[in-house]
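Trainee: Next comes data-v1.txt, compact mmCIF, C-alpha atoms:
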# COMPACT_ATOMS: atom_id res chain seq x y z
CA MET A 22 -161.66 -134.56 42.24
CA LEU A 23 -164.94 -132.80 41.55
CA SER A 24 -164.53 -130.48 44.51
CA ARG A 25 -160.92 -129.85 43.54
CA SER A 26 -161.78 -128.67 40.06
CA ARG A 27 -164.53 -126.48 41.51
CA VAL A 28 -161.99 -124.84 43.79
CA VAL A 29 -159.68 -124.22 40.86
CA GLY A 30 -162.55 -122.78 38.85
CA LEU A 31 -163.53 -120.50 41.69
CA THR A 32 -159.96 -119.31 42.09
CA ALA A 33 -159.87 -118.52 38.41
CA VAL A 34 -163.00 -116.39 38.73
CA VAL A 35 -161.58 -114.53 41.71
CA PHE A 36 -158.35 -113.75 39.90
CA ALA A 37 -160.23 -112.77 36.77
CA LEU A 38 -162.25 -110.33 38.87
CA LEU A 39 -159.06 -108.94 40.34
CA GLY A 40 -157.79 -108.47 36.84
CA LEU A 41 -154.82 -110.71 37.40
CA GLY A 42 -155.78 -113.41 34.96
CA ALA A 43 -155.83 -116.98 36.24
CA VAL A 44 -153.40 -118.14 33.61
CA PRO A 45 -151.02 -115.35 32.69
CA ALA A 46 -150.76 -114.66 29.00
CA SER A 47 -147.88 -116.23 27.16
CA ALA A 48 -146.02 -113.00 26.48
CA SER A 49 -144.46 -110.52 28.88
CA ASP A 50 -147.33 -108.78 30.56
CA GLY A 51 -146.96 -106.16 33.25
CA GLY A 52 -143.94 -107.86 34.85
CA VAL A 53 -145.37 -111.34 34.42
CA THR A 54 -143.25 -113.40 32.06
CA CYS A 55 -143.80 -116.99 31.07
CA PRO A 56 -140.58 -118.76 30.10
CA PRO A 57 -141.12 -120.69 26.86
CA ASN A 58 -142.99 -123.93 27.46
CA GLN A 59 -142.28 -124.02 31.17
CA PRO A 60 -145.07 -125.01 33.56
CA ILE A 61 -144.97 -121.73 35.48
CA CYS A 62 -144.84 -117.96 34.98
CA VAL A 63 -142.74 -115.57 37.04
CA ILE A 64 -142.72 -111.90 37.92
CA VAL A 65 -139.61 -110.21 36.58
CA VAL A 66 -138.04 -106.95 37.59
CA THR A 67 -136.22 -105.36 34.70
CA ASP A 68 -133.31 -103.00 35.03
CA PRO A 69 -133.01 -101.33 31.63
CA GLY A 70 -129.52 -100.41 30.62
CA GLY A 71 -128.05 -102.12 33.66
CA PRO A 72 -125.51 -104.87 33.44
CA GLY A 73 -128.48 -107.13 32.87
CA GLY A 74 -127.30 -109.50 35.51
CA GLY A 75 -125.43 -111.23 32.77
CA GLY A 76 -122.17 -110.68 34.57
CA HIS A 77 -120.25 -113.72 33.58
CA GLY A 78 -119.61 -114.46 29.98
CA GLY A 79 -118.73 -110.88 29.28
CA GLY A 80 -119.07 -109.19 25.96
CA GLY A 81 -115.95 -110.71 24.52
CA SER A 82 -113.04 -108.66 23.41
CA GLY A 83 -114.82 -107.27 20.34
CA GLY A 84 -116.02 -104.33 22.35
CA GLN A 85 -117.78 -101.90 20.05
CA GLN A 86 -121.07 -103.68 19.54
CA VAL A 87 -123.78 -103.26 22.20
CA CYS A 88 -126.21 -106.13 22.51
CA LYS A 89 -129.67 -105.28 23.78
CA VAL A 90 -133.13 -106.75 24.15
CA ALA A 91 -135.40 -104.72 21.86
CA GLY A 92 -138.41 -104.32 24.19
CA SER A 93 -136.81 -103.67 27.56
CA GLY A 94 -133.41 -102.29 26.58
CA GLU A 95 -131.66 -104.80 28.83
CA VAL A 96 -128.03 -105.32 27.92
CA VAL A 97 -126.88 -108.88 27.29
CA PRO A 98 -123.42 -110.30 26.58
CA CYS A 99 -122.84 -110.35 22.80
CA PHE A 100 -121.37 -113.83 23.02
CA ASP A 101 -122.21 -116.75 25.23
CA PRO A 102 -120.09 -119.91 25.09
CA VAL A 103 -123.20 -122.12 25.15
CA PHE A 104 -125.78 -120.06 23.27
CA GLY A 105 -123.54 -118.48 20.61
CA TRP A 106 -123.81 -114.92 19.26
CA TRP A 107 -126.59 -112.46 20.00
CA SER A 108 -128.57 -110.99 17.14
CA ASN A 109 -130.07 -107.55 17.80
CA ALA A 110 -132.34 -108.22 14.83
CA ASP A 111 -134.59 -110.64 16.68
CA GLY A 112 -133.27 -110.94 20.24
CA CYS A 113 -131.87 -114.44 19.92
CA TYR A 114 -128.52 -116.08 20.36
CA TYR A 115 -127.55 -118.26 17.42
CA LYS A 116 -125.15 -121.16 17.20
CA LEU A 117 -124.36 -123.11 14.07
CA LEU A 118 -125.44 -126.74 14.44
CA SER A 119 -122.55 -129.13 14.23
CA PRO A 120 -123.07 -131.55 12.63
CA GLN A 121 -125.83 -130.10 10.47
CA PRO A 122 -129.15 -132.02 10.40
CA PRO A 123 -129.57 -134.45 7.50
CA ALA A 124 -130.86 -133.18 4.16
CA THR A 125 -134.23 -134.75 4.95
CA ALA A 126 -134.78 -132.53 8.01
CA SER A 127 -137.81 -130.29 7.56
CA GLU A 128 -135.87 -127.19 8.70
CA TRP A 129 -134.06 -127.09 5.36
CA ASP A 130 -137.41 -126.32 3.79
CA GLY A 131 -136.16 -127.19 0.33
CA HIS A 132 -133.02 -125.04 0.60
CA TYR A 133 -130.53 -127.87 1.12
CA PRO A 134 -127.56 -127.59 0.68
CA ARG A 135 -127.76 -123.78 0.55
CA GLY A 136 -127.29 -121.84 3.80
CA ALA A 137 -127.14 -123.55 7.20
CA ILE A 138 -129.26 -124.39 10.23
CA TYR A 139 -128.65 -122.59 13.52
CA ALA A 140 -129.98 -123.22 17.02
CA GLY A 141 -131.67 -120.05 18.30
CA THR A 142 -131.98 -119.26 22.02
CA CYS A 143 -134.35 -116.34 22.32
CA LEU A 144 -135.00 -113.99 25.23
CA GLY A 145 -138.27 -112.24 25.76
CA GLY A 146 -140.59 -114.82 27.18
CA GLY A 147 -143.64 -116.01 25.39
CA GLY A 148 -143.67 -118.83 22.93
CA THR A 149 -140.39 -117.90 21.29
CA GLY A 150 -137.79 -120.08 22.90
CA GLY A 151 -136.01 -120.42 19.59
CA GLY A 152 -135.35 -123.78 18.02
CA TRP A 153 -133.66 -124.71 14.78
CA ARG A 154 -133.78 -122.12 12.04
CA TRP A 155 -132.44 -121.98 8.51
CA PHE A 156 -130.42 -118.97 7.39
CA ASN A 157 -129.07 -118.33 3.91
CA THR A 158 -126.32 -116.12 5.38
CA PRO A 159 -125.23 -116.11 9.04
CA PRO A 160 -127.60 -114.21 11.38
CA GLN A 161 -126.93 -110.58 12.27
CA GLY A 162 -124.07 -110.27 14.76
CA TYR A 163 -122.88 -113.81 14.14
CA GLY A 164 -119.17 -114.09 14.86
CA GLY A 165 -119.12 -110.32 15.61
CA ALA A 166 -117.89 -110.24 19.17
CA THR A 167 -114.74 -112.27 19.42
CA PRO A 168 -114.91 -114.79 22.22
CA THR A 169 -112.08 -114.73 24.70
CA PRO A 170 -109.72 -117.73 24.62
CA ALA A 171 -111.21 -118.85 27.96
CA GLN A 172 -114.71 -118.85 26.46
CA LEU A 173 -113.48 -120.86 23.51
CA ALA A 174 -111.89 -123.28 25.95
CA GLN A 175 -115.29 -123.72 27.59
CA GLN A 176 -116.76 -124.40 24.19
CA ALA A 177 -114.14 -127.08 23.61
CA ILE A 178 -114.97 -128.65 26.97
CA ASP A 179 -118.66 -128.75 26.03
CA THR A 180 -117.84 -130.98 23.10
CA MET A 181 -115.81 -133.40 25.21
CA ARG A 182 -117.37 -136.40 26.79
CA LEU A 183 -116.33 -136.37 30.43
CA ASP A 184 -118.06 -138.86 32.71
CA GLY A 185 -118.10 -139.67 36.37
CA PRO A 186 -116.32 -142.86 37.47
CA ALA A 187 -117.49 -146.20 36.09
CA ILE A 188 -117.90 -147.31 39.68
CA SER A 189 -116.56 -150.70 40.67
CA LEU A 190 -116.68 -151.93 44.24
CA THR A 191 -115.49 -155.25 45.59
CA LEU A 192 -118.98 -156.05 46.76
CA ALA A 193 -120.92 -155.23 43.63
CA ASN A 194 -123.77 -157.28 42.17
CA GLY A 195 -125.98 -157.06 45.22
CA LYS A 196 -123.70 -159.14 47.39
CA THR A 197 -123.48 -158.08 50.96
CA GLY A 198 -120.27 -156.72 52.37
CA LEU A 199 -119.37 -156.85 56.00
CA VAL A 200 -118.53 -154.35 58.66
CA GLY A 201 -114.78 -154.40 59.23
CA LEU A 202 -113.97 -155.94 55.85
CA PRO A 203 -112.01 -153.82 53.37
CA VAL A 204 -113.91 -152.38 50.40
CA TRP A 205 -111.96 -151.66 47.24
CA MET A 206 -113.09 -148.75 45.09
CA TRP A 207 -111.99 -148.22 41.51
CA THR A 208 -113.12 -146.94 38.16
CA GLN A 209 -112.55 -148.61 34.86
CA VAL A 210 -109.98 -146.41 33.17
CA SER A 211 -110.96 -144.96 29.81
CA ALA A 212 -110.66 -141.65 28.00
CA THR A 213 -114.06 -140.59 29.37
CA THR A 214 -113.54 -141.72 32.96
CA TRP A 215 -109.90 -140.85 33.62
CA GLY A 216 -108.55 -139.15 30.49
CA PRO A 217 -106.63 -137.79 28.85
CA THR A 218 -109.10 -136.53 26.32
CA SER A 219 -108.71 -133.52 24.06
CA ALA A 220 -110.92 -131.21 22.04
CA ARG A 221 -110.47 -128.11 19.97
CA ALA A 222 -112.69 -125.09 19.38
CA ALA A 223 -112.06 -122.38 16.84
CA VAL A 224 -113.40 -119.15 15.41
CA PRO A 225 -111.80 -117.40 12.47
CA GLY A 226 -108.39 -116.22 13.63
CA MET A 227 -108.23 -118.18 16.86
CA ALA A 228 -108.16 -121.80 17.99
CA VAL A 229 -107.99 -123.26 21.47
CA THR A 230 -107.05 -126.81 22.38
CA ALA A 231 -108.14 -128.24 25.71
CA THR A 232 -106.99 -131.47 27.34
CA ALA A 233 -108.80 -133.03 30.29
CA ARG A 234 -107.14 -135.28 32.86
CA ALA A 235 -108.81 -136.60 35.99
CA ARG A 236 -107.07 -135.33 39.12
CA GLN A 237 -108.92 -137.17 41.86
CA ILE A 238 -112.05 -139.04 42.82
CA VAL A 239 -113.85 -138.22 46.04
CA TRP A 240 -115.80 -141.26 47.20
CA ASP A 241 -118.69 -140.29 49.46
CA MET A 242 -119.33 -143.64 51.09
CA GLY A 243 -122.89 -142.81 52.18
CA ASP A 244 -122.18 -143.22 55.91
CA GLY A 245 -120.99 -139.67 56.44
CA HIS A 246 -117.38 -140.43 55.54
CA SER A 247 -115.56 -139.76 52.33
CA VAL A 248 -112.29 -140.95 50.85
CA THR A 249 -110.22 -138.96 48.39
CA CYS A 250 -108.10 -140.92 45.92
CA ASP A 251 -105.72 -139.26 43.50
CA ASN A 252 -105.75 -142.39 41.36
CA PRO A 253 -108.40 -144.49 39.62
CA GLY A 254 -108.06 -147.22 42.25
CA THR A 255 -106.95 -150.82 41.90
CA ARG A 256 -109.07 -153.57 40.41
CA TYR A 257 -109.91 -156.27 42.97
CA THR A 258 -109.24 -159.90 42.18
CA VAL A 259 -110.29 -162.86 44.33
CA GLU A 260 -106.66 -163.75 45.08
CA GLN A 261 -106.51 -160.58 47.14
CA GLY A 262 -108.79 -162.16 49.73
CA ALA A 263 -109.48 -159.80 52.62
CA ARG A 264 -106.49 -157.56 51.95
CA SER A 265 -106.93 -153.78 51.78
CA SER A 266 -106.71 -151.96 48.45
CA PRO A 267 -103.18 -150.65 47.93
CA SER A 268 -104.52 -147.43 46.40
CA CYS A 269 -108.14 -146.65 47.25
CA GLY A 270 -110.17 -148.39 49.90
CA TYR A 271 -112.48 -148.08 52.87
CA VAL A 272 -113.74 -150.07 55.84
CA TYR A 273 -117.29 -149.57 57.07
CA SER A 274 -117.75 -149.44 60.81
CA ARG A 275 -121.52 -149.94 60.81
CA SER A 276 -124.02 -151.84 58.73
CA SER A 277 -126.32 -150.27 56.17
CA ALA A 278 -129.42 -151.77 57.84
CA SER A 279 -130.78 -148.37 58.89
CA GLU A 280 -130.27 -146.76 55.46
CA SER A 281 -133.06 -146.44 52.93
CA GLY A 282 -133.32 -149.74 51.06
CA HIS A 283 -130.83 -151.11 53.61
CA GLU A 284 -128.04 -149.92 51.32
CA TYR A 285 -125.51 -147.15 51.38
CA SER A 286 -125.68 -144.75 48.48
CA VAL A 287 -122.10 -144.24 47.28
CA THR A 288 -121.38 -141.12 45.23
CA ALA A 289 -118.06 -140.86 43.43
CA THR A 290 -117.09 -137.45 42.07
CA THR A 291 -114.26 -137.06 39.61
CA THR A 292 -112.46 -133.73 39.46
CA TRP A 293 -111.15 -133.06 35.97
CA ASN A 294 -108.34 -130.63 35.34
CA VAL A 295 -108.71 -129.19 31.88
CA THR A 296 -105.63 -127.39 30.66
CA TRP A 297 -106.11 -125.22 27.61
CA ALA A 298 -103.97 -123.09 25.36
CA GLY A 299 -104.61 -120.88 22.38
CA GLY A 300 -105.05 -117.28 21.35
CA GLY A 301 -101.80 -116.43 23.13
CA GLN A 302 -103.18 -117.50 26.50
CA SER A 303 -103.46 -120.63 28.59
CA GLY A 304 -105.20 -121.73 31.72
CA VAL A 305 -106.77 -124.49 33.76
CA ILE A 306 -110.49 -125.08 34.22
CA THR A 307 -111.83 -127.53 36.78
CA VAL A 308 -114.84 -129.67 35.95
CA THR A 309 -116.57 -132.27 38.14
CA ARG A 310 -118.70 -135.24 37.17
CA ASN A 311 -120.24 -137.81 39.46
CA SER A 312 -121.90 -141.20 39.45
CA THR A 313 -123.61 -143.24 42.13
CA ALA A 314 -123.88 -146.86 43.18
CA ARG A 315 -125.56 -148.70 46.03
CA LEU A 316 -123.86 -150.97 48.49
CA ARG A 317 -125.20 -153.28 51.18
CA ILE A 318 -123.08 -153.78 54.29
CA GLY A 319 -124.12 -156.36 56.86
CA GLU A 320 -123.00 -157.07 60.38
CA LEU A 321 -121.42 -160.36 61.29
CA GLN A 322 -123.56 -161.83 64.07
CA VAL A 323 -121.53 -163.71 66.61
CA LEU A 324 -123.58 -166.03 68.77
CA VAL A 325 -122.27 -166.67 72.23
CA SER A 326 -123.84 -169.64 73.93
CA MET B 9 -138.39 -142.33 28.93
CA ALA B 10 -134.82 -142.33 30.22
CA ALA B 11 -134.12 -139.35 27.96
CA TYR B 12 -137.22 -137.59 29.31
CA GLU B 13 -136.16 -138.09 32.91
CA ALA B 14 -132.61 -136.98 32.14
CA TYR B 15 -133.91 -133.89 30.30
CA TRP B 16 -136.00 -132.76 33.24
CA ALA B 17 -133.28 -133.56 35.76
CA ALA B 18 -130.91 -131.38 33.71
CA GLN B 19 -133.48 -128.57 33.59
CA VAL B 20 -133.97 -128.69 37.36
CA LYS B 21 -130.22 -128.65 37.94
CA SER B 22 -129.61 -125.81 35.48
CA GLN B 23 -132.48 -123.65 36.75
CA ALA B 24 -131.31 -124.06 40.35
CA ASN B 25 -128.21 -122.02 39.44
CA PRO B 26 -128.94 -120.15 36.20
CA LYS B 27 -125.73 -118.12 36.55
CA ASN B 28 -123.66 -121.25 36.27
CA ARG B 29 -123.11 -123.07 33.05
CA GLN B 30 -126.04 -125.27 32.21
CA ASP B 31 -125.94 -128.96 33.03
CA PRO B 32 -124.13 -130.78 30.19
CA ASN B 33 -126.90 -133.39 30.09
CA LEU B 34 -129.28 -130.76 28.75
CA ALA B 35 -127.58 -130.71 25.36
CA LYS B 36 -127.02 -134.44 25.54
CA TYR B 37 -130.68 -135.37 25.98
CA SER B 38 -132.47 -132.65 24.02
CA ILE B 39 -132.33 -130.90 20.66
CA ASP B 40 -134.17 -128.21 18.75
CA ARG B 41 -137.07 -126.54 20.63
CA ALA B 42 -136.76 -128.67 23.75
CA LEU B 43 -133.14 -127.57 24.17
CA THR B 44 -133.51 -123.93 23.18
CA ASP B 45 -136.68 -123.46 25.26
CA ALA B 46 -134.74 -124.76 28.24
CA GLN B 47 -131.77 -122.51 27.40
CA ALA B 48 -134.00 -119.49 26.88
CA THR B 49 -135.46 -120.15 30.33
CA ILE B 50 -132.00 -120.31 31.89
CA LEU B 51 -131.11 -117.09 30.08
CA LEU B 52 -134.30 -115.37 31.28
CA TYR B 53 -133.70 -116.41 34.90
CA ARG B 54 -130.04 -115.39 34.64
CA GLN B 55 -131.02 -111.95 33.35
CA HIS B 56 -133.60 -111.41 36.08
CA GLY B 57 -131.85 -112.97 39.07
CA ILE B 58 -134.32 -115.82 39.50
CA GLN B 59 -133.60 -119.40 40.52
CA MET B 60 -135.85 -122.45 40.82
CA LEU B 61 -135.61 -124.31 44.12
CA GLY B 62 -136.78 -127.83 44.87
CA GLU B 63 -137.94 -130.16 42.15
CA PRO B 64 -141.14 -131.09 40.35
CA THR B 65 -142.78 -134.50 40.36
CA HIS B 66 -143.90 -136.27 37.21
CA ASP B 67 -146.58 -138.70 36.13
CA ALA B 68 -145.36 -139.40 32.59
CA LYS B 69 -146.65 -141.97 30.13
CA VAL B 70 -145.87 -142.86 26.54
CA THR B 71 -149.05 -142.06 24.65
CA ALA B 72 -148.08 -142.56 21.01
CA PHE B 73 -145.41 -144.11 18.81
CA ASP B 74 -144.63 -143.25 15.22
CA PRO B 75 -142.14 -145.59 13.51
CA GLY B 76 -140.95 -142.69 11.38
CA PRO B 77 -138.34 -142.21 10.09
CA PRO B 78 -137.21 -140.86 12.40
CA PRO B 79 -138.99 -142.93 15.08
CA THR B 80 -140.86 -140.62 17.43
CA VAL B 81 -142.49 -141.22 20.78
CA THR B 82 -145.07 -138.91 22.37
CA ILE B 83 -144.92 -138.54 26.15
CA THR B 84 -147.72 -137.01 28.21
CA ASP B 85 -146.91 -135.89 31.71
CA CYS B 86 -148.80 -134.37 34.59
CA LEU B 87 -146.12 -132.14 36.08
CA ASP B 88 -146.54 -130.99 39.67
CA SER B 89 -144.50 -127.91 40.56
CA THR B 90 -145.85 -127.65 44.12
CA HIS B 91 -142.31 -128.18 45.43
CA TRP B 92 -140.44 -126.45 42.59
CA LYS B 93 -140.59 -122.71 43.12
CA PRO B 94 -139.05 -119.62 41.57
CA VAL B 95 -137.38 -117.19 43.99
CA TYR B 96 -135.29 -114.06 43.57
CA VAL B 97 -131.68 -114.98 44.24
CA ALA B 98 -131.05 -111.66 46.01
CA THR B 99 -133.93 -111.78 48.49
CA GLY B 100 -135.08 -115.39 48.54
CA LYS B 101 -138.66 -114.13 48.04
CA SER B 102 -141.08 -115.91 45.73
CA ALA B 103 -141.10 -114.84 42.08
CA LEU B 104 -144.12 -116.96 41.23
CA ALA B 105 -146.88 -115.14 39.37
CA PRO B 106 -150.21 -115.54 41.18
CA GLY B 107 -153.16 -117.63 40.11
CA GLN B 108 -151.42 -120.61 38.56
CA SER B 109 -152.24 -124.26 38.92
CA PRO B 110 -149.26 -126.22 40.23
CA ARG B 111 -150.25 -129.24 38.14
CA VAL B 112 -150.28 -128.89 34.36
CA VAL B 113 -150.13 -131.17 31.35
CA VAL B 114 -146.78 -131.38 29.57
CA ASP B 115 -146.67 -132.91 26.08
CA SER B 116 -143.27 -133.94 24.73
CA THR B 117 -141.84 -135.77 21.78
CA ALA B 118 -138.72 -137.92 21.82
CA THR B 119 -136.94 -138.86 18.63
CA LEU B 120 -133.95 -140.84 17.50
CA TYR B 121 -131.27 -138.36 16.41
CA ASN B 122 -127.62 -139.18 15.69
CA GLY B 123 -128.24 -142.65 17.11
CA ARG B 124 -129.56 -141.41 20.45
CA TRP B 125 -133.03 -140.87 21.91
CA VAL B 126 -133.46 -137.18 22.63
CA ILE B 127 -136.35 -134.88 23.55
CA ARG B 128 -137.22 -132.65 20.62
CA THR B 129 -140.20 -130.69 21.92
CA SER B 130 -141.60 -130.27 25.40
CA VAL B 131 -144.64 -128.05 25.75
CA ALA B 132 -146.23 -127.22 29.10
CA HIS B 133 -149.92 -126.40 28.72
CA ARG B 134 -150.35 -123.86 31.49
CA ASP B 135 -154.07 -123.73 30.76
CA ARG B 136 -154.59 -127.49 31.16
CA THR B 137 -154.58 -128.62 34.77
CA CYS B 138 -154.39 -132.25 35.75
When written as structure tokens, how does the structure in this file appear?
Mentor:
Amino acid sequence: MLSRSRVVGLTAVVFALLGLGAVPASASDGGVTCPPNQPICVIVVTDPGGPGGGGHGGGGSGGQQVCKVAGSGEVVPCFDPVFGWWSNADGCYYKLLSPQPPATASEWDGHYPRGAIYAGTCLGGGGTGGGWRWFNTPPQGYGGATPTPAQLAQQAIDTMRLDGPAISLTLANGKTGLVGLPVWMWTQVSATTWGPTSARAAVPGMAVTATARARQIVWDMGDGHSVTCDNPGTRYTVEQGARSSPSCGYVYSRSSASESGHEYSVTATTTWNVTWAGGGQSGVITVTRNSTARLRIGELQVLVS
Amino acid sequence: MAAYEAYWAAQVKSQANPKNRQDPNLAKYSIDRALTDAQATILLYRQHGIQMLGEPTHDAKVTAFDPGPPPTVTITDCLDSTHWKPVYVATGKSALAPGQSPRVVVDSTATLYNGRWVIRTSVAHRDRTC
């Protein structure tokens, strides 16, 4: 430990001599940028006036406004479905918190119930990642660029709770299954595991409603095989004995003895189809969610005397 | 602690593909600075064509508890980013600034908000190795 810290110290001296600085400063500094409160700093290459690499998200259909980072002149999309609207005033995206924090929250700073609290996502490196901020009137640029209906649909999806399958297997609870014996796979059916579930997102003048329905579950059985079921599966009951699942099942051909923990790791991925409509348009967005479970499969030993 | 693990897992997932939409667990398990710092990082990497590959390891402990309200837990972590590296998406070359310790102290607070434990702040002390 002692020698380790000496090595670190020596490295620091060497870098200091080279003028690199052992721990880069918190702000942008000659291409070195430290993302807010991340453990590492990176070297960035800036392309002023370029598309900014933003690509997706677009500027919305508002058009006229140009959104830029003050220092570098990089262009950013004026609206982002997750971050909200860009403010040229301070180089942050802002999104109104919904619901608003309680009146006791320190961010109100005595202003409650005047104004509102927004979540700021700020570009520029350094210690300014954003956080909750109080504004008496909406921040500059807020609501300026109109999101496209598809972006609003994404926003609606963000507010939905869509989960992976609530995995149920015939051989749950640590019991050992057997090679050659049918395994039944199913998910408990609820609004968050199979749908349908709906959500709405709106800006002044436009509203989009999105409805999510599960289309299929792909069961990766952990032995290199996968099974695709376009249904939630059938719940196993003891009366079924050793019968195969009528809707979603599998039979292992080798034991899980050589797997880590002597168990197969089963991953079930639900594909959600989200249909949305609003703003004179409609579309379908696909979303996936997964969950995992572990399953022990043993081999039936037959003794021949 | 479950919220802390989920928060970092969501950061790792989101930073692996900054051009994609961020992992939904990020907004589920963090609020305020912890969330917007993570989002600002995704935004920065998206703008500059950087992605983080691999994953860090943690040595996190609960170091303080304040009954509140709201109840707040302080978590101290020694984060090791030896196997979690920034690269340029276009070239695959390292984007890591030189002269950094891979192991730094990360101080975080978790709080009960809207009936759920979430991470509210998470500050990596790049000048404190561990």
Trainee: Determine, counting only C-alpha atoms, which protein, DNA and RNA residues have an atom within 7 Å of an atom of Tyr15 in chain B; residues of the same chain fewer than 5 positions away are not included. Present the result as a ChimeraX atom specification.
Mentor: /B:34,37-38
Trainee: Applying 10 Å and all atoms listed in the file, which residues near Pro77 in chain B remain after dropping the ones on its own chain fewer than 4 positions away? List them as number ranges by chain.
Mentor: A: 125; B: 119-120
Trainee: Distance table requested - chain B against chain A, cut-off 6 Å, only C-alpha atoms: one row per qualifying residue with the closest atom pair and its distance in Å to one decimal, ordered by chain and rising residue number, as a tab-separated table.
Mentor:
residue	atom	partner	partner_atom	distance
B:Asp40	CA	A:Gly152	CA	4.6
B:Arg41	CA	A:Gly152	CA	4.2
B:Thr44	CA	A:Thr142	CA	5.0
B:Asp45	CA	A:Gly150	CA	4.3
B:Ala48	CA	A:Thr142	CA	5.3
B:Thr49	CA	A:Pro56	CA	5.3
B:Gln55	CA	A:Gly74	CA	5.0
B:Ala103	CA	A:Ile64	CA	5.3
B:Leu104	CA	A:Val63	CA	4.6
B:Ala105	CA	A:Val63	CA	4.8
B:Gly107	CA	A:Ala43	CA	4.7
B:Gln108	CA	A:Val44	CA	5.9
B:Val131	CA	A:Asn58	CA	4.8
B:Ala132	CA	A:Asn58	CA	4.9
B:Arg134	CA	A:Pro60	CA	5.8
Trainee: For CA of Ser116 in chain B and CA of Ile83 in chain B, determine how far apart the two atoms are, in Å to one decimal place.
Mentor: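 So the answer is 5.1 Å.
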Trainee: Identify, on the basis of only C-alpha atoms, every residue whose closest approach to range 61-68 of chain B does not exceed 7 Å; exclude the query and any residue fewer than 4 positions from it along the same chain; express the result as a list of chain:residue names.
Mentor: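 Everything that qualifies: B:Val20, B:Ala24, B:Ile83, B:Thr84, B:Asp85, B:Cys86, B:Leu87, B:Asp88, B:Ser89, B:Thr90, B:His91, B:Trp92, B:Lys93, B:Pro94.
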Trainee: Counting all atoms listed in the file, what is within 8 Å of Pro32 in chain B, bar same-chain residues fewer than 3 positions away, as an NGL selection string?
Mentor: (:A and (179)) or (:B and (18 or 35-36))
Trainee: In Å, rounded to a single decimal, give me how far CA of Arg315 in chain A is from CA of Met60 in chain B.
Mentor: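 Interatomic distance, CA of Met60 in chain B to CA of Arg315 in chain A: 28.7 Å.
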Trainee: Please provide as a PDB file with C-alpha atoms, in the coordinates of the input all residues within 8 Å of Asn252 in chain A, with the sequence filter that same-chain residues fewer than 6 positions apart are discarded (counting only C-alpha atoms).
Mentor:
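Okay, this is what ended up in selection-v9.pdb:
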ATOM      1  CA  ARG A 236    -107.070-135.330  39.120  1.00  0.00           C
ATOM      2  CA  GLN A 237    -108.920-137.170  41.860  1.00  0.00           C
ATOM      3  CA  ILE A 238    -112.050-139.040  42.820  1.00  0.00           C
ATOM      4  CA  SER A 268    -104.520-147.430  46.400  1.00  0.00           C
ATOM      5  CA  CYS A 269    -108.140-146.650  47.250  1.00  0.00           C
TER       6      CYS A 269
END
Trainee: If I put a ball of radius 10 Å at (-129.6, -122.1, 44.3) in the file's coordinates, which residues poke into it when counting all atoms listed in the file, written as a ChimeraX atom specification?
Mentor: /B:21-27,58-62,95-97,100
Trainee: CA of Gly201 in chain A to CA of Ser286 in chain A: how many Å, to one decimal?
Mentor: 18.1 Å
